[in-house]
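Heads up: the structure comes next, in structure tokens.
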Amino acid sequence: MRLRQLVPAWLQHYQRQWLSGDLTAGLIVTVMLIPQSLAYAMLAGLPPEMGLYASILPLFAYALFGTSMSLAVGPVAVASLMTASALTPLAAVGSPEYISLAVLLALLSGLMLFLFGLLRLGFLAYFLSHPVISGFISGSAVLIAIGQLKYILGIKLVSGNLLSTVSGLIHGLAQANPTTSVIGVAALLSLFAARRYLGALLQACGVRATTASLMTRLAPMAVVIIATAIVASLRLDLNAAVAVVGHVPSGLPMPSVPVIEWQMISVLWLPALLISLVGFVESVSVAQSLALKRGQRITPDKELLGIGAANLASALSGGYPVTGGFARSVVNFSAGANTPAAGMVSAVLMAAVIAAFTHWFYYLPHAVLAATIIVAVVALIDIKTLQEAWHYDRADAISLLLTFGGVVLLGVEEGIIIGVALSLAVLVWRSSRPHMAVVGRVPGTEHFRNVDRFQVETQAGVIALRIDESLYFANAHALEEKIENLVDAQPQTRRLILIMSAINQLDTTALGVLTELERTLAERHIALQFAEIKGPVLDRLRHTELGLRMKERIFLSTHQAFISTTA
């Protein structure tokens with residue numbers, strides 16, 4: 001393999017004028033990434049430095065293998081919650097064993113994604129319907145937000161399911177830390193106010209819309225700096241017992257291969273698969289939406305390689321599962337990122353922070369990190385999709401609500417399994433009830449339309465039935481039932497034309513149903529005819545018993561079958 005083939009295409013064709021945009025975006029994303037990395041590591045039950053470690057090498061790895069020019073990879077809220085959900089039953093939160101399992105989880109996720117990429121399984125990005133993903137992410141956001149309230153109020157509470165957490169919060173209000181509560185609530189209100197009003201206020205002061213939007217998204221960093229300065233100057237960590245991040249080890253992580261325990265692999269493979277699936281779907285959705293805005297394209301198969309490589313790099317550097325983040329990617333895009341070089345700039349800056357500036361985080365209150373998490377995840381609660389689905393397709397709306405309920409009441413793993421099952425169930429349910437229409441000829445033309453919708457011509461003794469779905473085991477008998485009802489209602493029928501223009505595939509069950517149908521209709525002196533069969537379907541049908549029997553009764557168009565006298 002030539003060395004040039006190992007260099008990503010964007011780097012081979014890199015242009016000097018792109019550099020300023022990449023440098024600016026890299027700097028802005030780094031400012032946003034620092035508090036997020038610390039907060040999401042806390043959400044995952046891990047030491048804060050692991051969030052920083054997961055924000056260096058993964059960015060380089062994605063830049064080498066990924067295809068999005070704007071996707072910003074790193075720790076995200078949903079993956080952090082799924083990590084905590086998977087590891088909490090296995091080890092004490094924050095213990096060396098827990099940390100080791102988190103690294104192993106990243107390794108397994110990376111191996112799975114990279115293998116899926118080599119096998120060209122990029123279609124997995126479309127395996128879950130949008131309503132199911134919306135329900136899962138919304139449910140996860142609710143769990144995350146409620147779980148962070150204990151840090152806002154300074155209540156010591158062991159995390160559990162939603163009901164136990166809410167109950168614990170209610171009973172623990174009397175023991176809330178007043179100073180922590182003031183800091184947490186003030187940070188929360190400040191962040192919500194900045195998100196809601198700061199952009200408009202800045203624009204009213206003459207700031208450009210894009211600049212105002214970026215400044216709004218960087219508000220969390222300003223809140224972090226102010227809160228840290230207040231706690232440090234008043235020593236509230238001692239006087240008021242405000243929980244702070246404390247000592248964060250400085251120095252870059254030394255790359256190492258995680259300890260592989262086969263017993264743990266048997267326990268972690270399913271959580272790793274679910275984290276991989278959800279993370280990949282979320283990443284591809286973000287990457288595609290941003291690529292479309294610039295007329296670019298992404299390749300899902302290569303995105304599997306990119307996200308997989310990022311997770312492998314995270315594991316090798318002592319991090320935990322990562323994926324593409326929505327908020328960071330939007331900021332990266334808005335700040336002018338032209339290529340993945342922006343991510344590499346962020347990685348270098350993060351490395352500098354870890355090497356020399358981690359002591360700045362000592363007085364950072366947990367309550368402020370919790371506030372940044374809550375504000376970030378509340379934006380993920382998707383009411384709009386539920387409203388649209390409820391008015392357009394109740395099945396999708398019910399899938400969304402059941403997935404949401406599964407996540408909130410049962411847990412994230414159970415919720416996503418419910419979502420996958422619902423996606424498949426809705427697909428099978430819909431295709432098991434194929435739309436079929438009796439059609440007639442539009443007067444004076446060779447066009448055929450539904451007799452219930454248009455004024456059309458029909459022939460006595462002829463039924464022309466259009467099937468608008470491929471036929472397979474789940475819906476073949478629905479066709480049989482439909483034809484029986486039509487023939488029973490019209491006993492004078494002598495010809496039945498099946499219009500197969502929408503049929504892309506016939507499985508063995510459907511072939512058997514059609515074969516038996518042709519026999520039973522013949523016994524009733526009704527000739528079965530086929531029209532508008534697609535080439536690949538006809539190629540497979542020709543050498544079957546049915547195909548041989550129907551040889552003279554297969555027509556190129558519905559019109560030819562309609563005027564035919566062949567029986």
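Simple scheme: letters A, B, ... for chains in structure tokens order, numbers from 1 for residues in each chain, numbers from 1 for ligands in the order shown.
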
Checklist entry - Within 12 Å of Ala91 of chain A, counting only C-alpha atoms, which residues qualify if same-chain residues fewer than 3 places away don't, as a VMD selection string? => result chain A and resid 45 to 46 84 to 88 94 to 102 264

Item to check | Which of segment 422-520 of chain A DSSP labels helix (DSSP H, G or I), written as a count of residues only | outcome: 37

Checklist entry - So which residues touch segment 270-286 of chain A within 9 Å, counting only C-alpha atoms, skipping near sequence neighbours fewer than 3 positions away, as JSON, numbers by chain? => result {"A": [68, 71, 73, 78, 79, 82, 83, 85, 86, 105, 106, 107, 108, 109, 110, 112, 113, 124, 125, 126, 127, 128, 133, 266, 267, 289, 290, 291, 298, 299, 300, 303, 304, 307, 308, 321, 322, 323, 324, 325, 326, 329, 330, 413, 416, 417]}

Item to check | Given only C-alpha atoms as the counted atoms, nearest of A:Val182, A:Leu292, A:Leu486, A:Leu214 to Ala240 of chain A | outcome: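 Ranking A:Val182, A:Leu292, A:Leu486, A:Leu214 by distance to Ala240 of chain A, first place goes to A:Val182.
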
Mind dumping a table of every segment 261-342 of chain A residue within 6 Å of segment 24-27 of chain A, with the nearest atom pair and its distance in Å to one decimal, using only C-alpha atoms, sorted by chain and rising number, as a Markdown table?
```
| residue | atom | partner | partner_atom | distance |
| --- | --- | --- | --- | --- |
| A:Asn332 | CA | A:Ala25 | CA | 5.3 |
| A:Ala335 | CA | A:Ala25 | CA | 4.7 |
| A:Gly336 | CA | A:Ala25 | CA | 5.8 |
| A:Ala337 | CA | A:Ala25 | CA | 5.3 |
| A:Ala342 | CA | A:Gly26 | CA | 4.5 |
```

Write out as JSON lines the residues of segment 411-479 of chain A that have any atom within 9 Å of an atom of segment 494-507 of chain A, one row each with the nearest atom pair and its distance in Å to one decimal, counting only C-alpha atoms, sorted by chain and then rising number.
```
{"residue": "A:Ala460", "atom": "CA", "partner": "A:Arg494", "partner_atom": "CA", "distance": 8.8}
{"residue": "A:Gly461", "atom": "CA", "partner": "A:Arg494", "partner_atom": "CA", "distance": 5.1}
{"residue": "A:Val462", "atom": "CA", "partner": "A:Arg495", "partner_atom": "CA", "distance": 4.9}
{"residue": "A:Ile463", "atom": "CA", "partner": "A:Leu496", "partner_atom": "CA", "distance": 4.9}
{"residue": "A:Ala464", "atom": "CA", "partner": "A:Ile497", "partner_atom": "CA", "distance": 4.6}
{"residue": "A:Leu465", "atom": "CA", "partner": "A:Leu498", "partner_atom": "CA", "distance": 5.1}
{"residue": "A:Arg466", "atom": "CA", "partner": "A:Ile499", "partner_atom": "CA", "distance": 4.5}
{"residue": "A:Ile467", "atom": "CA", "partner": "A:Met500", "partner_atom": "CA", "distance": 6.0}
{"residue": "A:Asp468", "atom": "CA", "partner": "A:Ala502", "partner_atom": "CA", "distance": 5.1}
{"residue": "A:Glu469", "atom": "CA", "partner": "A:Ile503", "partner_atom": "CA", "distance": 5.5}
{"residue": "A:Ser470", "atom": "CA", "partner": "A:Ile503", "partner_atom": "CA", "distance": 4.2}
{"residue": "A:Leu471", "atom": "CA", "partner": "A:Leu506", "partner_atom": "CA", "distance": 5.1}
{"residue": "A:Tyr472", "atom": "CA", "partner": "A:Asp507", "partner_atom": "CA", "distance": 5.0}
{"residue": "A:Phe473", "atom": "CA", "partner": "A:Asp507", "partner_atom": "CA", "distance": 7.0}
```

Please produce an output containing N, CA, C and O atoms for each residue in the selection, written as a compact mmCIF listing (two decimals), in the first residue's frame.
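After the write, result-v2.txt holds the following:
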```txt
# COMPACT_ATOMS: atom_id res chain seq x y z
N ALA A 460 -66.05 -5.66 -17.20
CA ALA A 460 -66.79 -6.70 -16.52
C ALA A 460 -65.99 -8.00 -16.53
O ALA A 460 -65.43 -8.38 -17.57
N GLY A 461 -65.90 -8.65 -15.39
CA GLY A 461 -65.18 -9.92 -15.30
C GLY A 461 -63.69 -9.77 -15.13
O GLY A 461 -62.96 -10.77 -15.10
N VAL A 462 -63.17 -8.54 -15.04
CA VAL A 462 -61.72 -8.30 -14.89
C VAL A 462 -61.46 -7.49 -13.62
O VAL A 462 -62.08 -6.44 -13.41
N ILE A 463 -60.57 -7.99 -12.79
CA ILE A 463 -60.12 -7.25 -11.61
C ILE A 463 -58.63 -6.96 -11.79
O ILE A 463 -57.83 -7.88 -12.02
N ALA A 464 -58.27 -5.69 -11.73
CA ALA A 464 -56.86 -5.28 -11.79
C ALA A 464 -56.46 -4.79 -10.41
O ALA A 464 -56.99 -3.79 -9.93
N LEU A 465 -55.54 -5.49 -9.77
CA LEU A 465 -55.14 -5.19 -8.39
C LEU A 465 -53.67 -4.79 -8.34
O LEU A 465 -52.80 -5.57 -8.74
N ARG A 466 -53.42 -3.58 -7.86
CA ARG A 466 -52.04 -3.10 -7.72
C ARG A 466 -51.55 -3.36 -6.29
O ARG A 466 -52.23 -3.00 -5.31
N ILE A 467 -50.36 -3.93 -6.16
CA ILE A 467 -49.77 -4.24 -4.85
C ILE A 467 -48.62 -3.26 -4.63
O ILE A 467 -47.68 -3.21 -5.42
N ASP A 468 -48.70 -2.49 -3.56
CA ASP A 468 -47.72 -1.42 -3.34
C ASP A 468 -46.68 -1.78 -2.29
O ASP A 468 -46.26 -0.94 -1.49
N GLU A 469 -46.23 -3.02 -2.31
CA GLU A 469 -45.26 -3.47 -1.31
C GLU A 469 -44.62 -4.75 -1.80
O GLU A 469 -45.27 -5.54 -2.50
N SER A 470 -43.35 -4.97 -1.46
CA SER A 470 -42.75 -6.27 -1.74
C SER A 470 -43.49 -7.34 -0.96
O SER A 470 -44.04 -7.07 0.12
N LEU A 471 -43.51 -8.55 -1.48
CA LEU A 471 -44.24 -9.64 -0.83
C LEU A 471 -43.27 -10.59 -0.14
O LEU A 471 -42.29 -11.05 -0.74
N TYR A 472 -43.56 -10.86 1.12
CA TYR A 472 -42.72 -11.80 1.88
C TYR A 472 -43.60 -12.47 2.93
O TYR A 472 -44.83 -12.29 2.95
N PHE A 473 -42.97 -13.25 3.80
CA PHE A 473 -43.73 -14.12 4.69
C PHE A 473 -44.75 -13.38 5.55
O PHE A 473 -45.79 -13.94 5.91
```

Item to check | Separation of atom CA of Ala367 of chain A from atom CA of Leu191 of chain A, in Å and rounded to one decimal | outcome: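 Taking atom CA of Ala367 of chain A as the start and atom CA of Leu191 of chain A as the end point, the length is 12.6 Å.
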
Item to check | Residue neighbourhood Gly199 of chain A, 8 Å, only C-alpha atoms, exclusion window fewer than 3 positions, as a PyMOL selection string | outcome: chain A and resi 194-196+202-203+209+212-213+215-216

With C-alpha atoms retained, export the selected residues as a PDB file, in the first residue's frame.
```pdb
ATOM      1  CA  ALA A 194     -27.540  33.099  28.578  1.00  0.00           C
ATOM      2  CA  ARG A 195     -28.959  30.436  26.285  1.00  0.00           C
ATOM      3  CA  ARG A 196     -32.309  32.203  26.040  1.00  0.00           C
ATOM      4  CA  LEU A 202     -25.570  40.895  21.915  1.00  0.00           C
ATOM      5  CA  GLN A 203     -27.167  41.376  18.495  1.00  0.00           C
ATOM      6  CA  ALA A 209     -25.404  37.025  14.619  1.00  0.00           C
ATOM      7  CA  ALA A 212     -23.345  36.331  19.175  1.00  0.00           C
ATOM      8  CA  SER A 213     -24.258  32.660  18.736  1.00  0.00           C
ATOM      9  CA  MET A 215     -20.435  33.762  22.512  1.00  0.00           C
ATOM     10  CA  THR A 216     -23.701  32.328  23.815  1.00  0.00           C
TER      11      THR A 216
END
```

Per residue of segment 396-415 of chain A within 12 Å of segment 144-151 of chain A, note the shortest atom pair and the distance in Å to one decimal, counting only C-alpha atoms, and order the rows by chain and increasing residue number, as a tab-separated table.
```
residue	atom	partner	partner_atom	distance
A:Val407	CA	A:Ile144	CA	11.0
A:Val408	CA	A:Ile144	CA	9.9
A:Gly411	CA	A:Ile144	CA	11.4
A:Val412	CA	A:Ile144	CA	10.7
```

Item to check | Nearby residues (only C-alpha atoms) at most 10 Å from Arg441 of chain A, same-chain spacing under 5 positions excluded, as a list of chain:residue names | outcome: A:Glu446, A:His447, A:Phe448, A:Arg449, A:Asn450, A:Val451, A:Phe454, A:Gln455, A:Val456, A:Glu457, A:Thr458, A:Gln459, A:Ala464, A:Thr558, A:His559, A:Phe562

Please dump the current selection as a PDB file, in the first residue's frame; keep N, CA, C and O atoms.
```pdb
ATOM      1  N   GLU A 446     -53.642   5.290 -21.260  1.00  0.00           N
ATOM      2  CA  GLU A 446     -53.175   3.966 -20.844  1.00  0.00           C
ATOM      3  C   GLU A 446     -52.756   3.978 -19.375  1.00  0.00           C
ATOM      4  O   GLU A 446     -52.014   3.107 -18.920  1.00  0.00           O
ATOM      5  N   HIS A 447     -53.219   4.977 -18.638  1.00  0.00           N
ATOM      6  CA  HIS A 447     -52.883   5.107 -17.236  1.00  0.00           C
ATOM      7  C   HIS A 447     -53.963   4.467 -16.369  1.00  0.00           C
ATOM      8  O   HIS A 447     -55.155   4.544 -16.700  1.00  0.00           O
ATOM      9  N   PHE A 448     -53.556   3.893 -15.267  1.00  0.00           N
ATOM     10  CA  PHE A 448     -54.478   3.213 -14.373  1.00  0.00           C
ATOM     11  C   PHE A 448     -54.384   3.821 -12.973  1.00  0.00           C
ATOM     12  O   PHE A 448     -53.282   4.077 -12.462  1.00  0.00           O
ATOM     13  N   ARG A 449     -55.549   4.049 -12.374  1.00  0.00           N
ATOM     14  CA  ARG A 449     -55.611   4.676 -11.049  1.00  0.00           C
ATOM     15  C   ARG A 449     -56.640   3.953 -10.171  1.00  0.00           C
ATOM     16  O   ARG A 449     -57.503   3.224 -10.656  1.00  0.00           O
ATOM     17  N   ASN A 450     -56.550   4.227  -8.886  1.00  0.00           N
ATOM     18  CA  ASN A 450     -57.419   3.635  -7.875  1.00  0.00           C
ATOM     19  C   ASN A 450     -58.890   3.958  -8.179  1.00  0.00           C
ATOM     20  O   ASN A 450     -59.255   5.127  -8.352  1.00  0.00           O
ATOM     21  N   VAL A 451     -59.732   2.918  -8.211  1.00  0.00           N
ATOM     22  CA  VAL A 451     -61.143   3.132  -8.532  1.00  0.00           C
ATOM     23  C   VAL A 451     -61.864   3.939  -7.455  1.00  0.00           C
ATOM     24  O   VAL A 451     -62.922   4.536  -7.724  1.00  0.00           O
ATOM     25  N   PHE A 454     -60.538   7.934  -8.348  1.00  0.00           N
ATOM     26  CA  PHE A 454     -60.624   8.561  -9.668  1.00  0.00           C
ATOM     27  C   PHE A 454     -61.814   7.985 -10.449  1.00  0.00           C
ATOM     28  O   PHE A 454     -62.297   6.880 -10.174  1.00  0.00           O
ATOM     29  N   GLN A 455     -62.250   8.760 -11.421  1.00  0.00           N
ATOM     30  CA  GLN A 455     -63.255   8.289 -12.375  1.00  0.00           C
ATOM     31  C   GLN A 455     -62.531   7.481 -13.444  1.00  0.00           C
ATOM     32  O   GLN A 455     -61.816   8.035 -14.285  1.00  0.00           O
ATOM     33  N   VAL A 456     -62.685   6.160 -13.426  1.00  0.00           N
ATOM     34  CA  VAL A 456     -61.927   5.304 -14.336  1.00  0.00           C
ATOM     35  C   VAL A 456     -62.862   4.279 -14.991  1.00  0.00           C
ATOM     36  O   VAL A 456     -64.004   4.073 -14.556  1.00  0.00           O
ATOM     37  N   GLU A 457     -62.310   3.646 -16.028  1.00  0.00           N
ATOM     38  CA  GLU A 457     -63.054   2.609 -16.746  1.00  0.00           C
ATOM     39  C   GLU A 457     -62.624   1.231 -16.240  1.00  0.00           C
ATOM     40  O   GLU A 457     -61.438   0.982 -16.019  1.00  0.00           O
ATOM     41  N   THR A 458     -63.583   0.338 -16.076  1.00  0.00           N
ATOM     42  CA  THR A 458     -63.281  -1.041 -15.712  1.00  0.00           C
ATOM     43  C   THR A 458     -63.950  -1.971 -16.714  1.00  0.00           C
ATOM     44  O   THR A 458     -64.817  -1.550 -17.502  1.00  0.00           O
ATOM     45  N   GLN A 459     -63.547  -3.238 -16.680  1.00  0.00           N
ATOM     46  CA  GLN A 459     -64.142  -4.246 -17.569  1.00  0.00           C
ATOM     47  C   GLN A 459     -64.901  -5.261 -16.736  1.00  0.00           C
ATOM     48  O   GLN A 459     -64.426  -5.693 -15.677  1.00  0.00           O
ATOM     49  N   ALA A 464     -58.270  -5.687 -11.727  1.00  0.00           N
ATOM     50  CA  ALA A 464     -56.857  -5.284 -11.794  1.00  0.00           C
ATOM     51  C   ALA A 464     -56.460  -4.789 -10.414  1.00  0.00           C
ATOM     52  O   ALA A 464     -56.990  -3.787  -9.926  1.00  0.00           O
ATOM     53  N   THR A 558     -49.705  -2.732 -17.675  1.00  0.00           N
ATOM     54  CA  THR A 558     -51.069  -3.021 -17.233  1.00  0.00           C
ATOM     55  C   THR A 558     -52.046  -2.888 -18.396  1.00  0.00           C
ATOM     56  O   THR A 558     -53.011  -3.663 -18.507  1.00  0.00           O
ATOM     57  N   HIS A 559     -51.793  -1.919 -19.263  1.00  0.00           N
ATOM     58  CA  HIS A 559     -52.677  -1.712 -20.403  1.00  0.00           C
ATOM     59  C   HIS A 559     -52.719  -2.946 -21.296  1.00  0.00           C
ATOM     60  O   HIS A 559     -53.800  -3.369 -21.747  1.00  0.00           O
ATOM     61  N   PHE A 562     -54.743  -5.511 -19.653  1.00  0.00           N
ATOM     62  CA  PHE A 562     -56.143  -5.081 -19.578  1.00  0.00           C
ATOM     63  C   PHE A 562     -56.890  -5.401 -20.868  1.00  0.00           C
ATOM     64  O   PHE A 562     -58.052  -5.839 -20.842  1.00  0.00           O
TER      65      PHE A 562
END
```

Item to check | Leu33 of chain A surroundings by only C-alpha atoms, 12 Å radius, close-in-sequence under 3 positions cut, as JSON, numbers by chain | outcome: {"A": [25, 26, 27, 28, 29, 30, 36, 37, 38, 39, 40, 41, 51, 52, 53, 54, 55, 56, 59, 72, 73, 74, 75, 76, 217, 218, 220, 221, 325, 327, 328, 329, 331, 332, 343, 346, 347, 349, 350, 353, 372]}

Checklist entry - Please, what distance in Å, to one decimal, runs between atom CA of Ala371 of chain A and atom CA of Ala315 of chain A? => result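 We find that atom CA of Ala371 of chain A and atom CA of Ala315 of chain A lie 27.8 Å from each other.
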
Checklist entry - Looking at only C-alpha atoms, which of A:Leu104, A:Leu169, A:Ala9, A:Ala527 is the one that sits closest to Leu268 of chain A? => result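 Between A:Leu104, A:Leu169, A:Ala9, A:Ala527, the residue approaching Leu268 of chain A most closely is A:Leu104.
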
Checklist entry - Separation of atom CA of Leu386 of chain A and atom CA of Glu414 of chain A, in Å? => result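 Value for the atom CA of Leu386 of chain A-atom CA of Glu414 of chain A distance: 20.6 Å.
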
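Residues in contact range of Asn177 of chain A, defined as at most 12 Å between only C-alpha atoms, with sequence neighbours fewer than 5 positions away removed, read A:Lys150, A:Tyr151, A:Ile152, A:Leu153, A:Gly154, A:Ile155, A:Lys156, A:Gly172, A:Val182, A:Ile183, A:Gly184, A:Val185, A:Leu236, A:Asp237, A:Asn239, A:Ala240, A:Ala241, A:Val242, A:Ala243, A:Ala367.
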